[in-house]
Amino acid sequence: MSLDLAAVRALDASDPLRAFRDRFDLPDGVIYMDGNSLGPLPRTARAALTRAVDDEWGRGLIRSWNDAGWIDAPRRVGDRIAGLIGASPGEVVVADSTSVNLFKLAAAAVGARPGRRVILTEAGNFPTDLYIAQGLAAVLPAVQVRAVPADEIAAHLGPDVALLQLSHVHYKSARRHDMAALTTAAQAAGALTLWDLSHSAGAIEVDLNGCNADLAVGCGYKFLNGGPGAPAFLFVAARHQARLVSPLAGWMGHAAPFDFVDEYRPAPGVERFLCGTPSILALTALEAGVEIAAAVDAQALAAKAKRLIGLFITEVEARCPTLTLASPRHGPRGSHVSFAHPEGYRIMRALIARGLIGDFREPDILRFGITPLYLGYEDVWRAAQLIQQVLDAEAWRDESVRQAGRVT
Ligand SMILES: *Cc1c(COP(=O)(O)O)cnc(C)c1O
């Protein structure tokens, strides 16, 4: 049943997370439903960047590595992220990109399981997750990548599997894997697990240690609102830290980087998975985003996400019969909603031109991020109306077809 304007405004008026909207600098006239791809600008990030540029870099110069805490930033922000994903302090660092972190941890995992050669993953996983595994197999010819459909993963956990590497939430469908059950099954088969939390961290409840997870990576610029190309994070369970070794033995992962000795000796803790000098301006912006996420009550976030998702799906299905839901309606899921339509690309172009920003994924998926920190009930209700208008008027026919090479 569709709700009216008064009803959605009443939901917004009683929303305990309503005040978080003001922490973000969002343009007027836009309904932003792409926070699953690039989170918006936290107001505190602008001030923090100004301070980092003017005071720390401009006046502090090289002294700021110590005086402004730059050298501790990967671990400091990592500890903050740990609190969002069910990890303990000292199990997470911020470093590099998600892609590079996948490589480091997958290589370390394979090295810790001699005699086993398979990296098991899901067919249709996010491309970089597959490509990095394929690239690792190219440098370590004994390694083999096996990508199977989601419902066949457990059946492939045999004695040859070194690593089960999965995205917790699927980037297209938003379907969520059962982290606890698959981790238990993988470990029972003698394999390690590597979870990609790019669509989970900051979006849904994650309990890495509650699931006894081994390894994880995740993205800073999506639901953590860390800015375009923000550094990523990685998790290594404390019990593995002394044994797993990074294949990228950079000086920042050394036990004593400023001793400048010739022989590599890894740091005792998770810092051994650092590689080179961290990007401090990028970390500064990420820290501002992570601080907002750390201030949110996880249960309130989950409850609001569920209601927003339910409202959005109900309204779109009632108004737009030509769209097909391509996400779980209930049950284990992340925080975006996908619909399929053969003209998905042009429909999304038309929506963006009208101020509703989502994104398109090949071949026919319209993706809408549900981010309870800055989206309200009226926003998703109006979004459904805009989608209906574009479809009813066939307004997408004015849009050009997809051009190769453009970010979509
Ligand atoms: C967004 C995303 C990435 C991004 O990787 P980058 O190295 O930041 O480009 C990786 N994996 C998944 C599952 C993602 O959704």
# chains A, B, ... in the order shown; residues from 1 in each chain; ligands from 1

$ residues_around --residues "stretch 134-137 of chain A" --least-positions-apart "3" --cutoff "10 Å" --atoms "only C-alpha atoms" --output "number ranges by chain"
A: 102-104, 106-107, 110, 117-119, 128-131, 140-146

$ select_by_dssp --residues "stretch 119-181 of chain A" --states "alpha helix (DSSP H)" --output "list of chain:residue names"
A:Pro127, A:Thr128, A:Asp129, A:Leu130, A:Tyr131, A:Ile132, A:Ala133, A:Gln134, A:Gly135, A:Leu136, A:Ala137, A:Ala138, A:Val139, A:Met179, A:Ala180, A:Ala181

$ residues_around --residues "A:Thr371" --least-positions-apart "4" --cutoff "10 Å" --atoms "only C-alpha atoms" --output "mmCIF file with N, CA, C and O atoms, in the first residue's frame"
data_model
loop_
_atom_site.group_PDB
_atom_site.id
_atom_site.type_symbol
_atom_site.label_atom_id
_atom_site.label_comp_id
_atom_site.auth_asym_id
_atom_site.auth_seq_id
_atom_site.Cartn_x
_atom_site.Cartn_y
_atom_site.Cartn_z
ATOM 1 N N TYR A 32 20.281 11.802 -3.220
ATOM 2 C CA TYR A 32 21.519 11.073 -3.474
ATOM 3 C C TYR A 32 21.378 9.607 -3.070
ATOM 4 O O TYR A 32 21.348 9.282 -1.890
ATOM 5 N N MET A 33 21.280 8.754 -4.061
ATOM 6 C CA MET A 33 21.142 7.315 -3.801
ATOM 7 C C MET A 33 22.305 6.558 -4.437
ATOM 8 O O MET A 33 22.138 5.493 -5.022
ATOM 9 N N ASP A 34 23.512 7.132 -4.288
ATOM 10 C CA ASP A 34 24.710 6.462 -4.797
ATOM 11 C C ASP A 34 25.822 6.439 -3.751
ATOM 12 O O ASP A 34 26.999 6.335 -4.098
ATOM 13 N N GLY A 35 25.437 6.498 -2.487
ATOM 14 C CA GLY A 35 26.431 6.433 -1.413
ATOM 15 C C GLY A 35 27.100 5.078 -1.314
ATOM 16 O O GLY A 35 28.110 4.925 -0.628
ATOM 17 N N ASN A 36 26.555 4.089 -2.032
ATOM 18 C CA ASN A 36 27.195 2.782 -2.100
ATOM 19 C C ASN A 36 28.350 2.788 -3.105
ATOM 20 O O ASN A 36 29.078 1.810 -3.213
ATOM 21 N N GLY A 39 30.434 7.950 -1.220
ATOM 22 C CA GLY A 39 29.738 8.657 -0.146
ATOM 23 C C GLY A 39 29.877 10.157 -0.312
ATOM 24 O O GLY A 39 30.837 10.647 -0.916
ATOM 25 N N GLY A 202 30.092 0.192 7.476
ATOM 26 C CA GLY A 202 29.352 1.449 7.550
ATOM 27 C C GLY A 202 27.913 1.326 7.082
ATOM 28 O O GLY A 202 27.146 2.280 7.195
ATOM 29 N N ALA A 203 27.558 0.173 6.527
ATOM 30 C CA ALA A 203 26.207 0.007 5.972
ATOM 31 C C ALA A 203 25.372 -0.950 6.809
ATOM 32 O O ALA A 203 24.204 -0.670 7.096
ATOM 33 N N PHE A 223 30.334 3.448 1.911
ATOM 34 C CA PHE A 223 29.498 3.780 3.071
ATOM 35 C C PHE A 223 30.285 4.422 4.217
ATOM 36 O O PHE A 223 29.683 4.869 5.187
ATOM 37 N N LEU A 301 20.550 2.303 12.913
ATOM 38 C CA LEU A 301 20.893 2.341 11.491
ATOM 39 C C LEU A 301 20.233 1.171 10.755
ATOM 40 O O LEU A 301 19.614 1.352 9.698
ATOM 41 N N LYS A 304 16.389 1.616 10.511
ATOM 42 C CA LYS A 304 15.958 2.611 9.526
ATOM 43 C C LYS A 304 16.215 2.109 8.103
ATOM 44 O O LYS A 304 15.386 2.305 7.205
ATOM 45 N N ALA A 305 17.365 1.447 7.901
ATOM 46 C CA ALA A 305 17.652 0.908 6.570
ATOM 47 C C ALA A 305 16.549 -0.051 6.142
ATOM 48 O O ALA A 305 16.074 -0.010 5.010
ATOM 49 N N LEU A 308 13.446 1.946 5.209
ATOM 50 C CA LEU A 308 13.622 2.688 3.952
ATOM 51 C C LEU A 308 13.587 1.732 2.759
ATOM 52 O O LEU A 308 12.976 2.037 1.723
ATOM 53 N N ILE A 309 14.259 0.608 2.899
ATOM 54 C CA ILE A 309 14.299 -0.374 1.804
ATOM 55 C C ILE A 309 12.885 -0.890 1.528
ATOM 56 O O ILE A 309 12.448 -0.960 0.369
ATOM 57 N N SER A 335 22.740 -2.815 1.697
ATOM 58 C CA SER A 335 21.960 -1.583 1.816
ATOM 59 C C SER A 335 21.765 -0.860 0.486
ATOM 60 O O SER A 335 21.726 0.355 0.450
ATOM 61 N N HIS A 336 21.635 -1.616 -0.581
ATOM 62 C CA HIS A 336 21.176 -0.983 -1.817
ATOM 63 C C HIS A 336 20.073 -1.840 -2.433
ATOM 64 O O HIS A 336 19.894 -3.000 -2.048
ATOM 65 N N LEU A 375 19.562 9.933 4.025
ATOM 66 C CA LEU A 375 18.321 9.801 3.255
ATOM 67 C C LEU A 375 17.148 9.674 4.220
ATOM 68 O O LEU A 375 17.226 8.939 5.207
ATOM 69 N N GLY A 376 16.067 10.360 3.903
ATOM 70 C CA GLY A 376 14.863 10.256 4.708
ATOM 71 C C GLY A 376 13.771 9.502 3.961
ATOM 72 O O GLY A 376 13.924 9.111 2.799
#

$ residues_around --residues "A:Ser37" --least-positions-apart "4" --cutoff "10 Å" --atoms "only C-alpha atoms" --output "VMD selection string"
chain A and resid 33 171 198 to 199 219 221 to 223 225 228 358 to 359 367 to 369

$ write_last_selection --atoms "C-alpha atoms" --output "PDB file, in the first residue's frame"
ATOM      1  CA  MET A  33      21.142   7.315  -3.801  1.00  0.00           C
ATOM      2  CA  TYR A 171      27.726  -5.292  -5.492  1.00  0.00           C
ATOM      3  CA  SER A 198      33.220  -2.967   0.581  1.00  0.00           C
ATOM      4  CA  HIS A 199      29.403  -2.979   0.637  1.00  0.00           C
ATOM      5  CA  CYS A 219      36.542   0.237   0.951  1.00  0.00           C
ATOM      6  CA  TYR A 221      34.921   5.801  -0.140  1.00  0.00           C
ATOM      7  CA  LYS A 222      31.537   4.034  -0.134  1.00  0.00           C
ATOM      8  CA  PHE A 223      29.498   3.780   3.071  1.00  0.00           C
ATOM      9  CA  ASN A 225      32.200   8.471   3.269  1.00  0.00           C
ATOM     10  CA  PRO A 228      36.977   9.736  -3.812  1.00  0.00           C
ATOM     11  CA  GLY A 358      21.828   6.316  -8.517  1.00  0.00           C
ATOM     12  CA  ASP A 359      23.965   4.271 -10.868  1.00  0.00           C
ATOM     13  CA  ARG A 367      21.195   0.555  -8.418  1.00  0.00           C
ATOM     14  CA  PHE A 368      19.882   2.741  -5.617  1.00  0.00           C
ATOM     15  CA  GLY A 369      21.923   3.081  -2.427  1.00  0.00           C
TER      16      GLY A 369
END

$ closest_residue --among "A:Phe233, A:Phe24, A:Ala48, A:Asp15" --to "ligand 1" --atoms "only C-alpha atoms and all ligand atoms"
A:Phe233

$ select_by_dssp --residues "stretch 13-216 of chain A" --states "strand (DSSP E or B)" --output "PyMOL selection string"
chain A and resi 24-25+31-32+41-42+92-95+118-122+144-148+161-167+169+175-176+192-196+215-216

$ write_last_selection --atoms "N, CA and C atoms" --output "short mmCIF file (atom, residue, chain, number, x, y, z; two decimals), in the first residue's frame"
data_model
loop_
_atom_site.label_atom_id
_atom_site.label_comp_id
_atom_site.auth_asym_id
_atom_site.auth_seq_id
_atom_site.Cartn_x
_atom_site.Cartn_y
_atom_site.Cartn_z
N PHE A 24 26.39 16.24 6.55
CA PHE A 24 26.88 16.08 5.18
C PHE A 24 26.54 17.31 4.35
N ASP A 25 27.44 17.62 3.44
CA ASP A 25 27.26 18.77 2.57
C ASP A 25 26.70 18.26 1.24
N ILE A 31 18.46 14.05 -4.83
CA ILE A 31 18.25 12.91 -3.94
C ILE A 31 19.40 11.96 -4.23
N TYR A 32 20.28 11.80 -3.22
CA TYR A 32 21.52 11.07 -3.47
C TYR A 32 21.38 9.61 -3.07
N LEU A 41 30.18 14.32 0.96
CA LEU A 41 31.21 15.06 1.71
C LEU A 41 30.74 15.33 3.14
N PRO A 42 31.44 14.77 4.15
CA PRO A 42 31.13 15.18 5.53
C PRO A 42 31.60 16.62 5.74
N VAL A 92 43.11 -4.06 12.60
CA VAL A 92 42.76 -3.38 11.35
C VAL A 92 43.76 -2.25 11.10
N VAL A 93 44.23 -2.12 9.87
CA VAL A 93 44.96 -0.91 9.47
C VAL A 93 44.35 -0.38 8.19
N VAL A 94 44.56 0.92 7.99
CA VAL A 94 44.16 1.57 6.75
C VAL A 94 45.38 1.61 5.84
N ALA A 95 45.22 1.18 4.60
CA ALA A 95 46.35 1.14 3.68
C ALA A 95 45.87 0.95 2.25
N VAL A 118 43.93 -23.94 -4.35
CA VAL A 118 42.74 -23.29 -4.90
C VAL A 118 42.33 -22.06 -4.10
N ILE A 119 42.09 -20.95 -4.83
CA ILE A 119 41.36 -19.82 -4.24
C ILE A 119 39.93 -19.97 -4.73
N LEU A 120 39.02 -20.24 -3.80
CA LEU A 120 37.62 -20.44 -4.15
C LEU A 120 36.88 -19.12 -4.00
N THR A 121 36.13 -18.73 -5.03
CA THR A 121 35.38 -17.48 -4.98
C THR A 121 34.08 -17.64 -5.76
N GLU A 122 33.32 -16.56 -5.84
CA GLU A 122 32.00 -16.63 -6.46
C GLU A 122 32.07 -16.11 -7.89
N GLN A 144 45.38 -21.83 -8.30
CA GLN A 144 44.29 -21.94 -9.27
C GLN A 144 43.07 -21.19 -8.72
N VAL A 145 42.39 -20.43 -9.56
CA VAL A 145 41.19 -19.72 -9.12
C VAL A 145 39.98 -20.53 -9.55
N ARG A 146 39.08 -20.77 -8.60
CA ARG A 146 37.85 -21.49 -8.93
C ARG A 146 36.68 -20.59 -8.56
N ALA A 147 35.95 -20.13 -9.55
CA ALA A 147 34.80 -19.25 -9.31
C ALA A 147 33.52 -20.03 -9.60
N VAL A 148 32.67 -20.18 -8.60
CA VAL A 148 31.47 -21.02 -8.74
C VAL A 148 30.24 -20.21 -8.33
N VAL A 161 41.44 -26.56 -1.19
CA VAL A 161 41.15 -25.12 -1.09
C VAL A 161 42.01 -24.48 -0.01
N ALA A 162 42.79 -23.48 -0.41
CA ALA A 162 43.61 -22.72 0.54
C ALA A 162 42.81 -21.56 1.13
N LEU A 163 42.00 -20.93 0.27
CA LEU A 163 41.35 -19.67 0.66
C LEU A 163 39.95 -19.59 0.06
N LEU A 164 38.99 -19.23 0.89
CA LEU A 164 37.66 -18.86 0.41
C LEU A 164 37.59 -17.34 0.44
N GLN A 165 37.48 -16.74 -0.73
CA GLN A 165 37.50 -15.28 -0.84
C GLN A 165 36.16 -14.80 -1.41
N LEU A 166 35.39 -14.09 -0.59
CA LEU A 166 34.04 -13.68 -0.99
C LEU A 166 33.75 -12.23 -0.66
N SER A 167 32.89 -11.61 -1.45
CA SER A 167 32.30 -10.33 -1.05
C SER A 167 31.14 -10.64 -0.11
N VAL A 169 28.62 -8.67 0.83
CA VAL A 169 27.40 -8.22 0.15
C VAL A 169 27.73 -8.05 -1.33
N ARG A 175 22.71 -9.15 -2.32
CA ARG A 175 22.53 -10.36 -1.52
C ARG A 175 23.71 -10.52 -0.57
N ARG A 176 23.44 -10.94 0.66
CA ARG A 176 24.49 -11.06 1.68
C ARG A 176 24.75 -12.52 1.99
N LEU A 192 41.39 -20.89 4.84
CA LEU A 192 41.22 -19.58 5.45
C LEU A 192 40.12 -18.83 4.70
N THR A 193 39.58 -17.77 5.34
CA THR A 193 38.54 -16.96 4.69
C THR A 193 39.01 -15.52 4.55
N LEU A 194 38.66 -14.91 3.43
CA LEU A 194 38.96 -13.49 3.18
C LEU A 194 37.66 -12.83 2.72
N TRP A 195 37.13 -11.94 3.57
CA TRP A 195 35.85 -11.29 3.26
C TRP A 195 36.09 -9.88 2.75
N ASP A 196 35.46 -9.54 1.64
CA ASP A 196 35.49 -8.17 1.13
C ASP A 196 34.25 -7.46 1.66
N LEU A 215 40.39 -13.10 7.71
CA LEU A 215 40.93 -11.95 6.99
C LEU A 215 39.78 -11.16 6.37
N ALA A 216 39.99 -9.86 6.21
CA ALA A 216 38.98 -9.05 5.53
C ALA A 216 39.63 -7.81 4.95
#

$ closest_residue --among "A:Asn66, A:Ser200, A:Asn212, A:Thr284" --to "ligand 1" --atoms "only C-alpha atoms and all ligand atoms"
A:Ser200

$ residues_around --residues "A:Gly331" --least-positions-apart "2" --cutoff "10 Å" --atoms "only C-alpha atoms" --output "ChimeraX atom specification"
/A:175-176,306,328-329,333-334

$ closest_residue --among "A:Ile313, A:Ile132, A:Leu49, A:Ile81" --to "ligand 1" --atoms "only C-alpha atoms and all ligand atoms"
A:Ile132

$ residues_around --residues "A:Ala318" --least-positions-apart "2" --cutoff "12 Å" --atoms "only C-alpha atoms" --output "list of chain:residue names"
A:Met1, A:Ser2, A:Leu3, A:Leu311, A:Phe312, A:Ile313, A:Thr314, A:Glu315, A:Val316, A:Cys320, A:Pro321, A:Thr322, A:Leu323, A:Thr324, A:Leu325, A:Trp381, A:Ala384, A:Gln385, A:Ile387, A:Gln388

$ closest_residue --among "A:Glu343, A:Asp96, A:Asp28, A:Glu394" --to "A:Pro74" --atoms "only C-alpha atoms"
A:Asp96
